[in-house]
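Asker: Have a look at this one before I ask anything.
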Amino acid sequence: MTELPNPNTIHPVPNIDHVVNVRPTITNKNIIVGDFTYFSDKDFEKQVVHHYDFYDDKLIIGKFCQIASGVKFVMNGANHQMGCVSTFPFYIFEGWGEKVPSLDKMPLKGDIIIGNDVWMGENATILAGVKVGDGAIIGMNSVVGSDIEPYTIVVGNPAKPTKKRFDDELIEILLELKWWDKPIEEIKALIPLLHNNNLDEVKQSLIR
C-alpha cells in the first residue's frame, strides 16, 4: 500500500529543509492554517507582523496554499489612529502611562482571510482586513490592500487584477468542487485533472 502524504510532516520535500508545511509549526492561537499549505522558508510566524494580543485579530489561511519566501501578513497593529492630532501610539511604550484605547476607537480593518489553493509570490504583502478568494494568484512584490475574487491574478502596488484565470463557468465548477476538502485518496485520484491544461477537457470531465 502506498503511503499517503501526511499534513503533519513539517518538511514535506525530502532533503529540503526550507520548505515547510505551515500548520504543524504554528504556536499562535490566532494564526489558523489549513492542511498542506506550505511556506518556502523556515519560520512562518515571523512573517506575520504587528500581531498584538490586545487586538485579538486573526490570520486564517486555507488548504494547499503556496507561500513564497518573503511574503508578509501585516496585521491590525500596524495601523495608527489617523483621525487624531498625532498618530504616535503612546499606549504601546513604557513610561507614558497610557492605556490601550478601547477597540472601537482603534483603526481595525478585520482579519486576514486567505482561501484555498492560493499562490502568493515572493515578497508579496497582504494587509489587514483583506480577503483572498480560492485559487487566486498574487504576483511577487505585490501589496494587497483590497479583497481578491476567486481565481483572479493580481499584481502591483497597490495590487490590481490583471485577469481571471478561467472563464466564469469553470470557476463556478471549481468553487463547487472544493477539491481541497476531499479525502486525500480522492485528491490523489484528481491530480491528473488538476494538472491538465486542456481546460475544455477539464470542464467536460467535471460537468459529467
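Ordering of the C-alpha cells sets the chain letters (A, B, ...), residue numbers begin anew at 1 in every chain, and ligands are numbered from 1 in the order given.
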Which residues come within 12 Å of Gly145 (chain A), counting only C-alpha atoms, excluding same-chain residues fewer than 6 positions away, as number ranges by chain?

Answerer: A: 73-75, 109-110, 112, 124-132, 138, 154-160

Asker: Restricting the output to all heavy atoms, write the selected residues as a short mmCIF file (atom, residue, chain, number, x, y, z; two decimals), in the first residue's frame.

Answerer:
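Printed below is out18.cif as written:
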data_model
loop_
_atom_site.label_atom_id
_atom_site.label_comp_id
_atom_site.auth_asym_id
_atom_site.auth_seq_id
_atom_site.Cartn_x
_atom_site.Cartn_y
_atom_site.Cartn_z
N PHE A 73 2.38 39.22 6.17
CA PHE A 73 1.00 39.49 6.53
C PHE A 73 1.02 40.59 7.59
O PHE A 73 1.52 40.38 8.69
CB PHE A 73 0.32 38.22 7.06
CG PHE A 73 0.35 37.08 6.08
CD1 PHE A 73 1.43 36.20 6.04
CD2 PHE A 73 -0.69 36.90 5.18
CE1 PHE A 73 1.47 35.16 5.13
CE2 PHE A 73 -0.66 35.85 4.27
CZ PHE A 73 0.42 34.98 4.24
N VAL A 74 0.52 41.76 7.23
CA VAL A 74 0.59 42.93 8.12
C VAL A 74 -0.74 43.05 8.85
O VAL A 74 -1.76 43.40 8.27
CB VAL A 74 0.91 44.20 7.31
CG1 VAL A 74 1.01 45.40 8.26
CG2 VAL A 74 2.21 44.04 6.53
N MET A 75 -0.70 42.79 10.15
CA MET A 75 -1.92 42.73 10.93
C MET A 75 -2.31 44.13 11.44
O MET A 75 -1.64 45.13 11.19
CB MET A 75 -1.74 41.74 12.08
CG MET A 75 -1.30 40.34 11.64
SD MET A 75 -2.42 39.53 10.45
CE MET A 75 -3.80 39.15 11.54
N LYS A 109 -9.12 46.86 10.81
CA LYS A 109 -9.55 46.52 9.45
C LYS A 109 -10.18 45.14 9.38
O LYS A 109 -10.80 44.78 8.39
CB LYS A 109 -8.36 46.57 8.49
CG LYS A 109 -7.61 47.89 8.49
CD LYS A 109 -8.42 48.98 7.85
CE LYS A 109 -7.60 50.27 7.73
NZ LYS A 109 -8.37 51.36 7.13
N GLY A 110 -9.98 44.32 10.43
CA GLY A 110 -10.51 42.97 10.43
C GLY A 110 -9.43 41.92 10.22
O GLY A 110 -8.24 42.23 10.11
N ILE A 112 -7.29 38.86 8.36
CA ILE A 112 -6.84 38.49 7.01
C ILE A 112 -7.33 37.07 6.76
O ILE A 112 -7.05 36.16 7.55
CB ILE A 112 -5.32 38.55 6.88
CG1 ILE A 112 -4.81 39.98 7.05
CG2 ILE A 112 -4.87 37.99 5.52
CD1 ILE A 112 -3.29 40.12 7.02
N ALA A 124 5.46 39.33 -1.54
CA ALA A 124 4.13 39.95 -1.55
C ALA A 124 3.76 40.34 -0.12
O ALA A 124 4.20 39.72 0.86
CB ALA A 124 3.09 39.00 -2.11
N THR A 125 2.95 41.39 0.00
CA THR A 125 2.49 41.87 1.31
C THR A 125 0.97 41.92 1.31
O THR A 125 0.37 42.51 0.41
CB THR A 125 3.05 43.28 1.60
OG1 THR A 125 4.48 43.23 1.58
CG2 THR A 125 2.59 43.77 2.96
N ILE A 126 0.37 41.28 2.31
CA ILE A 126 -1.09 41.27 2.43
C ILE A 126 -1.45 42.06 3.68
O ILE A 126 -0.96 41.77 4.77
CB ILE A 126 -1.64 39.83 2.49
CG1 ILE A 126 -1.39 39.10 1.16
CG2 ILE A 126 -3.14 39.85 2.73
CD1 ILE A 126 -0.12 38.32 1.09
N LEU A 127 -2.29 43.06 3.51
CA LEU A 127 -2.61 43.97 4.61
C LEU A 127 -3.85 43.51 5.40
O LEU A 127 -4.66 42.73 4.90
CB LEU A 127 -2.84 45.38 4.06
CG LEU A 127 -1.68 45.98 3.26
CD1 LEU A 127 -2.03 47.40 2.81
CD2 LEU A 127 -0.38 45.96 4.05
N ALA A 128 -3.97 44.03 6.59
CA ALA A 128 -5.08 43.68 7.49
C ALA A 128 -6.43 43.89 6.82
O ALA A 128 -6.63 44.85 6.08
CB ALA A 128 -4.99 44.50 8.77
N GLY A 129 -7.34 42.97 7.09
CA GLY A 129 -8.71 43.08 6.60
C GLY A 129 -8.95 42.53 5.22
O GLY A 129 -10.09 42.46 4.77
N VAL A 130 -7.89 42.09 4.55
CA VAL A 130 -8.02 41.60 3.18
C VAL A 130 -8.57 40.18 3.16
O VAL A 130 -8.20 39.34 3.98
CB VAL A 130 -6.66 41.66 2.45
CG1 VAL A 130 -6.67 40.81 1.18
CG2 VAL A 130 -6.30 43.10 2.12
N LYS A 131 -9.44 39.91 2.19
CA LYS A 131 -9.95 38.56 1.95
C LYS A 131 -9.56 38.15 0.54
O LYS A 131 -9.83 38.87 -0.42
CB LYS A 131 -11.48 38.51 2.12
CG LYS A 131 -11.92 38.80 3.55
CD LYS A 131 -13.43 38.84 3.68
CE LYS A 131 -13.85 39.03 5.14
NZ LYS A 131 -13.30 40.28 5.72
N VAL A 132 -8.92 37.00 0.43
CA VAL A 132 -8.43 36.48 -0.86
C VAL A 132 -9.21 35.22 -1.20
O VAL A 132 -9.24 34.27 -0.41
CB VAL A 132 -6.92 36.19 -0.79
CG1 VAL A 132 -6.43 35.62 -2.12
CG2 VAL A 132 -6.14 37.44 -0.43
N ILE A 138 -1.21 35.90 -6.40
CA ILE A 138 -0.70 37.22 -6.04
C ILE A 138 0.73 37.33 -6.54
O ILE A 138 1.60 36.56 -6.12
CB ILE A 138 -0.77 37.44 -4.52
CG1 ILE A 138 -2.22 37.34 -4.04
CG2 ILE A 138 -0.16 38.78 -4.13
CD1 ILE A 138 -2.38 37.32 -2.53
N VAL A 154 -3.56 39.02 -9.42
CA VAL A 154 -3.32 40.43 -9.12
C VAL A 154 -1.83 40.68 -9.05
O VAL A 154 -1.04 39.82 -8.65
CB VAL A 154 -3.99 40.87 -7.80
CG1 VAL A 154 -5.50 40.63 -7.83
CG2 VAL A 154 -3.38 40.18 -6.59
N VAL A 155 -1.42 41.89 -9.46
CA VAL A 155 -0.01 42.29 -9.39
C VAL A 155 0.06 43.77 -9.07
O VAL A 155 -0.88 44.52 -9.29
CB VAL A 155 0.74 42.01 -10.72
CG1 VAL A 155 0.77 40.53 -11.03
CG2 VAL A 155 0.11 42.78 -11.87
N GLY A 156 1.22 44.19 -8.53
CA GLY A 156 1.50 45.60 -8.39
C GLY A 156 1.33 46.14 -6.99
O GLY A 156 0.97 45.44 -6.05
N ASN A 157 1.63 47.44 -6.85
CA ASN A 157 1.49 48.17 -5.59
C ASN A 157 0.80 49.51 -5.89
O ASN A 157 1.41 50.40 -6.45
CB ASN A 157 2.85 48.42 -4.96
CG ASN A 157 2.76 49.19 -3.66
OD1 ASN A 157 1.68 49.41 -3.12
ND2 ASN A 157 3.90 49.62 -3.14
N PRO A 158 -0.50 49.61 -5.54
CA PRO A 158 -1.34 48.57 -4.93
C PRO A 158 -1.70 47.48 -5.95
O PRO A 158 -1.76 47.75 -7.15
CB PRO A 158 -2.59 49.33 -4.49
CG PRO A 158 -2.67 50.47 -5.45
CD PRO A 158 -1.25 50.86 -5.74
N ALA A 159 -1.92 46.27 -5.44
CA ALA A 159 -2.23 45.15 -6.33
C ALA A 159 -3.56 45.37 -7.05
O ALA A 159 -4.55 45.74 -6.43
CB ALA A 159 -2.28 43.86 -5.52
N LYS A 160 -3.53 45.15 -8.35
CA LYS A 160 -4.73 45.28 -9.18
C LYS A 160 -4.94 44.00 -9.97
O LYS A 160 -3.98 43.34 -10.37
CB LYS A 160 -4.59 46.45 -10.15
CG LYS A 160 -4.40 47.80 -9.50
CD LYS A 160 -5.65 48.26 -8.78
CE LYS A 160 -5.48 49.68 -8.22
NZ LYS A 160 -6.66 50.09 -7.43
#

Asker: Pull the closest atom pair for each residue of region 84-182 of chain A that gets at most 6 Å from region 46-63 of chain A, along with the distance in Å to one decimal, counting only C-alpha atoms, ordering rows by chain and then ascending residue number, as a tab-separated table.

Answerer:
residue	atom	partner	partner_atom	distance
A:Asp111	CA	A:Lys58	CA	4.9
A:Ile112	CA	A:Leu59	CA	4.9
A:Ile113	CA	A:Ile60	CA	4.8
A:Ile114	CA	A:Ile61	CA	4.6
A:Gly115	CA	A:Gly62	CA	4.9
A:Asn116	CA	A:Gly62	CA	4.4

Asker: Between A:Ile191, A:Leu199, A:Val143, A:Val100, which residue has the minimum interatomic distance to Ile173 (chain A), considering only C-alpha atoms?

Answerer: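 Looking only at the distances to Ile173 (chain A), the closest residue turns out to be A:Leu199.
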
Asker: What parts of region 22-176 of chain A does DSSP call alpha helix (DSSP H)? I'd like the answer as a list in words.

Answerer: Asp168, Glu169, Leu170, Ile171, Glu172, Ile173, Leu174, Leu175 and Glu176 of chain A

Asker: Write to file, as an mmCIF file, in the first residue's frame, the residues of the selection just made, with N, CA and C atoms.

Answerer:
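Heads up, here's the output in part29.cif:
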data_model
loop_
_atom_site.group_PDB
_atom_site.id
_atom_site.type_symbol
_atom_site.label_atom_id
_atom_site.label_comp_id
_atom_site.auth_asym_id
_atom_site.auth_seq_id
_atom_site.Cartn_x
_atom_site.Cartn_y
_atom_site.Cartn_z
ATOM 1 N N ASP A 168 -15.924 32.096 -16.346
ATOM 2 C CA ASP A 168 -16.822 32.068 -15.190
ATOM 3 C C ASP A 168 -17.418 30.686 -14.947
ATOM 4 N N GLU A 169 -17.672 29.957 -16.025
ATOM 5 C CA GLU A 169 -18.273 28.627 -15.873
ATOM 6 C C GLU A 169 -17.326 27.680 -15.147
ATOM 7 N N LEU A 170 -16.057 27.659 -15.551
ATOM 8 C CA LEU A 170 -15.098 26.763 -14.903
ATOM 9 C C LEU A 170 -14.844 27.198 -13.467
ATOM 10 N N ILE A 171 -14.783 28.500 -13.234
ATOM 11 C CA ILE A 171 -14.593 28.980 -11.862
ATOM 12 C C ILE A 171 -15.737 28.504 -10.964
ATOM 13 N N GLU A 172 -16.958 28.608 -11.465
ATOM 14 C CA GLU A 172 -18.108 28.153 -10.678
ATOM 15 C C GLU A 172 -18.029 26.655 -10.404
ATOM 16 N N ILE A 173 -17.608 25.886 -11.402
ATOM 17 C CA ILE A 173 -17.471 24.436 -11.231
ATOM 18 C C ILE A 173 -16.430 24.118 -10.165
ATOM 19 N N LEU A 174 -15.295 24.811 -10.211
ATOM 20 C CA LEU A 174 -14.219 24.547 -9.250
ATOM 21 C C LEU A 174 -14.605 24.962 -7.838
ATOM 22 N N LEU A 175 -15.309 26.071 -7.712
ATOM 23 C CA LEU A 175 -15.746 26.505 -6.386
ATOM 24 C C LEU A 175 -16.770 25.541 -5.790
ATOM 25 N N GLU A 176 -17.536 24.911 -6.658
ATOM 26 C CA GLU A 176 -18.487 23.904 -6.185
ATOM 27 C C GLU A 176 -17.783 22.590 -5.874
#

Asker: Considering only C-alpha atoms, state which residue in the set A:Lys29, A:His80, A:Lys42, A:His195 is at the smallest distance from Ile67 (chain A).

Answerer: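 So, comparing all the options, the nearest one is A:Lys42.
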
Asker: Which residue out of A:Ile32, A:Thr37, A:Ser69, A:Ser146 has the minimum interatomic distance to Thr9 (chain A) when only C-alpha atoms are used?

Answerer: A:Thr37

Asker: What is the distance between CA of Glu94 (chain A) and CA of Ile31 (chain A), in Å to one decimal?

Answerer: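 Taking CA of Glu94 (chain A) and CA of Ile31 (chain A), their separation equals 27.3 Å.
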
Asker: So which residues touch Pro150 (chain A) within 7 Å, counting only C-alpha atoms, skipping near sequence neighbours fewer than 6 positions away, as a VMD selection string?

Answerer: chain A and resid 133 to 136

Asker: Grab the residues selected above and save them as an mmCIF file, in the first residue's frame with all heavy atoms.

Answerer:
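What landed in result.cif:
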data_model
loop_
_atom_site.group_PDB
_atom_site.id
_atom_site.type_symbol
_atom_site.label_atom_id
_atom_site.label_comp_id
_atom_site.auth_asym_id
_atom_site.auth_seq_id
_atom_site.Cartn_x
_atom_site.Cartn_y
_atom_site.Cartn_z
ATOM 1 N N GLY A 133 -9.829 35.192 -2.368
ATOM 2 C CA GLY A 133 -10.647 34.054 -2.765
ATOM 3 C C GLY A 133 -9.834 32.834 -3.162
ATOM 4 O O GLY A 133 -8.631 32.921 -3.446
ATOM 5 N N ASP A 134 -10.488 31.691 -3.186
ATOM 6 C CA ASP A 134 -9.863 30.433 -3.583
ATOM 7 C C ASP A 134 -9.209 30.571 -4.963
ATOM 8 O O ASP A 134 -9.739 31.220 -5.865
ATOM 9 C CB ASP A 134 -10.906 29.313 -3.654
ATOM 10 C CG ASP A 134 -11.575 29.033 -2.321
ATOM 11 O OD1 ASP A 134 -10.885 29.086 -1.284
ATOM 12 O OD2 ASP A 134 -12.793 28.755 -2.303
ATOM 13 N N GLY A 135 -8.052 29.928 -5.115
ATOM 14 C CA GLY A 135 -7.424 29.832 -6.424
ATOM 15 C C GLY A 135 -6.794 31.099 -6.952
ATOM 16 O O GLY A 135 -6.333 31.131 -8.100
ATOM 17 N N ALA A 136 -6.741 32.157 -6.149
ATOM 18 C CA ALA A 136 -6.149 33.413 -6.613
ATOM 19 C C ALA A 136 -4.627 33.293 -6.698
ATOM 20 O O ALA A 136 -4.010 32.415 -6.080
ATOM 21 C CB ALA A 136 -6.525 34.556 -5.675
#

Asker: May I ask for the distance between CA of Ile92 (chain A) and CA of Lys72 (chain A), given in Å to one decimal place?

Answerer: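 Interatomic distance, CA of Ile92 (chain A) to CA of Lys72 (chain A): 22.1 Å.
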
Asker: Residues near Arg165 (chain A), anyone? I mean within 7 Å using only C-alpha atoms, not counting same-chain ones fewer than 2 positions away, as a list in words.

Answerer: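 Once the adjacent positions are removed, what remains is Tyr151, Thr152, Ile153 and Lys163 of chain A.
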
Asker: Rounded to one decimal in Å, what is the spacing between CA of Asn198 (chain A) and CA of Asp167 (chain A)?

Answerer: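 Computing the Euclidean distance for CA of Asn198 (chain A) and CA of Asp167 (chain A) yields 13.0 Å.
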
Asker: My list of candidates is A:Met82, A:Met106, A:Val144, A:Ile184. Which is closest to Phe36 (chain A) when distances are computed with only C-alpha atoms?

Answerer: A:Ile184

Asker: Give the strand (DSSP E or B) residues of region 92-201 of chain A, as DSSP finds them on the backbone, and put them as a list in words.

Answerer: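 The strand (DSSP E or B) subset of region 92-201 of chain A is Ile112, Ile113, Ile114, Trp119, Met120, Thr125, Ile126, Leu127, Lys131, Val132, Ile137, Ile138, Val143, Val144, Ile148, Thr152, Ile153, Val154, Val155, Lys160, Pro161, Thr162, Lys163 and Lys164 of chain A.
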
Asker: Please produce a file of the residues just selected, as a compact mmCIF listing (two decimals), in the first residue's frame, where the atoms kept are N, CA and C atoms.

Answerer:
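Writing done, so here's again.txt:
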# COMPACT_ATOMS: atom_id res chain seq x y z
N ILE A 112 -7.29 38.86 8.36
CA ILE A 112 -6.84 38.49 7.01
C ILE A 112 -7.33 37.07 6.76
N ILE A 113 -8.06 36.88 5.67
CA ILE A 113 -8.61 35.56 5.36
C ILE A 113 -8.18 35.18 3.94
N ILE A 114 -7.41 34.13 3.85
CA ILE A 114 -6.91 33.62 2.56
C ILE A 114 -7.63 32.31 2.27
N TRP A 119 -1.76 31.04 -4.49
CA TRP A 119 -0.32 31.16 -4.68
C TRP A 119 0.09 32.60 -4.41
N MET A 120 0.98 32.79 -3.42
CA MET A 120 1.47 34.11 -3.06
C MET A 120 2.94 34.22 -3.44
N THR A 125 2.95 41.39 0.00
CA THR A 125 2.49 41.87 1.31
C THR A 125 0.97 41.92 1.31
N ILE A 126 0.37 41.28 2.31
CA ILE A 126 -1.09 41.27 2.43
C ILE A 126 -1.45 42.06 3.68
N LEU A 127 -2.29 43.06 3.51
CA LEU A 127 -2.61 43.97 4.61
C LEU A 127 -3.85 43.51 5.40
N LYS A 131 -9.44 39.91 2.19
CA LYS A 131 -9.95 38.56 1.95
C LYS A 131 -9.56 38.15 0.54
N VAL A 132 -8.92 37.00 0.43
CA VAL A 132 -8.43 36.48 -0.86
C VAL A 132 -9.21 35.22 -1.20
N ILE A 137 -4.02 34.19 -7.49
CA ILE A 137 -2.57 34.28 -7.60
C ILE A 137 -2.17 35.72 -7.31
N ILE A 138 -1.21 35.90 -6.40
CA ILE A 138 -0.70 37.22 -6.04
C ILE A 138 0.73 37.33 -6.54
N VAL A 143 1.49 44.50 -3.23
CA VAL A 143 0.96 44.93 -1.93
C VAL A 143 -0.57 44.89 -2.03
N VAL A 144 -1.17 43.98 -1.28
CA VAL A 144 -2.60 43.71 -1.41
C VAL A 144 -3.35 44.40 -0.28
N ILE A 148 -9.63 40.10 -3.04
CA ILE A 148 -9.35 39.49 -4.34
C ILE A 148 -10.40 38.42 -4.61
N THR A 152 -8.46 34.84 -9.47
CA THR A 152 -8.06 36.09 -10.10
C THR A 152 -6.57 36.32 -9.86
N ILE A 153 -5.87 36.83 -10.87
CA ILE A 153 -4.45 37.17 -10.75
C ILE A 153 -4.33 38.66 -10.48
N VAL A 154 -3.56 39.02 -9.42
CA VAL A 154 -3.32 40.43 -9.12
C VAL A 154 -1.83 40.68 -9.05
N VAL A 155 -1.42 41.89 -9.46
CA VAL A 155 -0.01 42.29 -9.39
C VAL A 155 0.06 43.77 -9.07
N LYS A 160 -3.53 45.15 -8.35
CA LYS A 160 -4.73 45.28 -9.18
C LYS A 160 -4.94 44.00 -9.97
N PRO A 161 -6.21 43.63 -10.23
CA PRO A 161 -6.46 42.42 -11.04
C PRO A 161 -5.95 42.61 -12.46
N THR A 162 -5.30 41.58 -12.99
CA THR A 162 -4.90 41.59 -14.40
C THR A 162 -5.85 40.76 -15.25
N LYS A 163 -6.28 39.63 -14.72
CA LYS A 163 -7.25 38.80 -15.43
C LYS A 163 -7.74 37.69 -14.50
N LYS A 164 -8.83 37.05 -14.90
CA LYS A 164 -9.27 35.83 -14.24
C LYS A 164 -8.52 34.66 -14.86

Asker: Using only C-alpha atoms, pick whichever of A:Pro24, A:Asn6, A:Val13, A:Phe64 has the shortest atom-to-atom distance to Glu45 (chain A).

Answerer: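 Comparing A:Pro24, A:Asn6, A:Val13, A:Phe64 against Glu45 (chain A), the winner is A:Pro24.
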
Asker: Quick one: residues within 7 Å of Phe39 (chain A), only C-alpha atoms counted, chain neighbours fewer than 6 positions away excluded, as a VMD selection string?

Answerer: chain A and resid 19 to 22 66 to 69
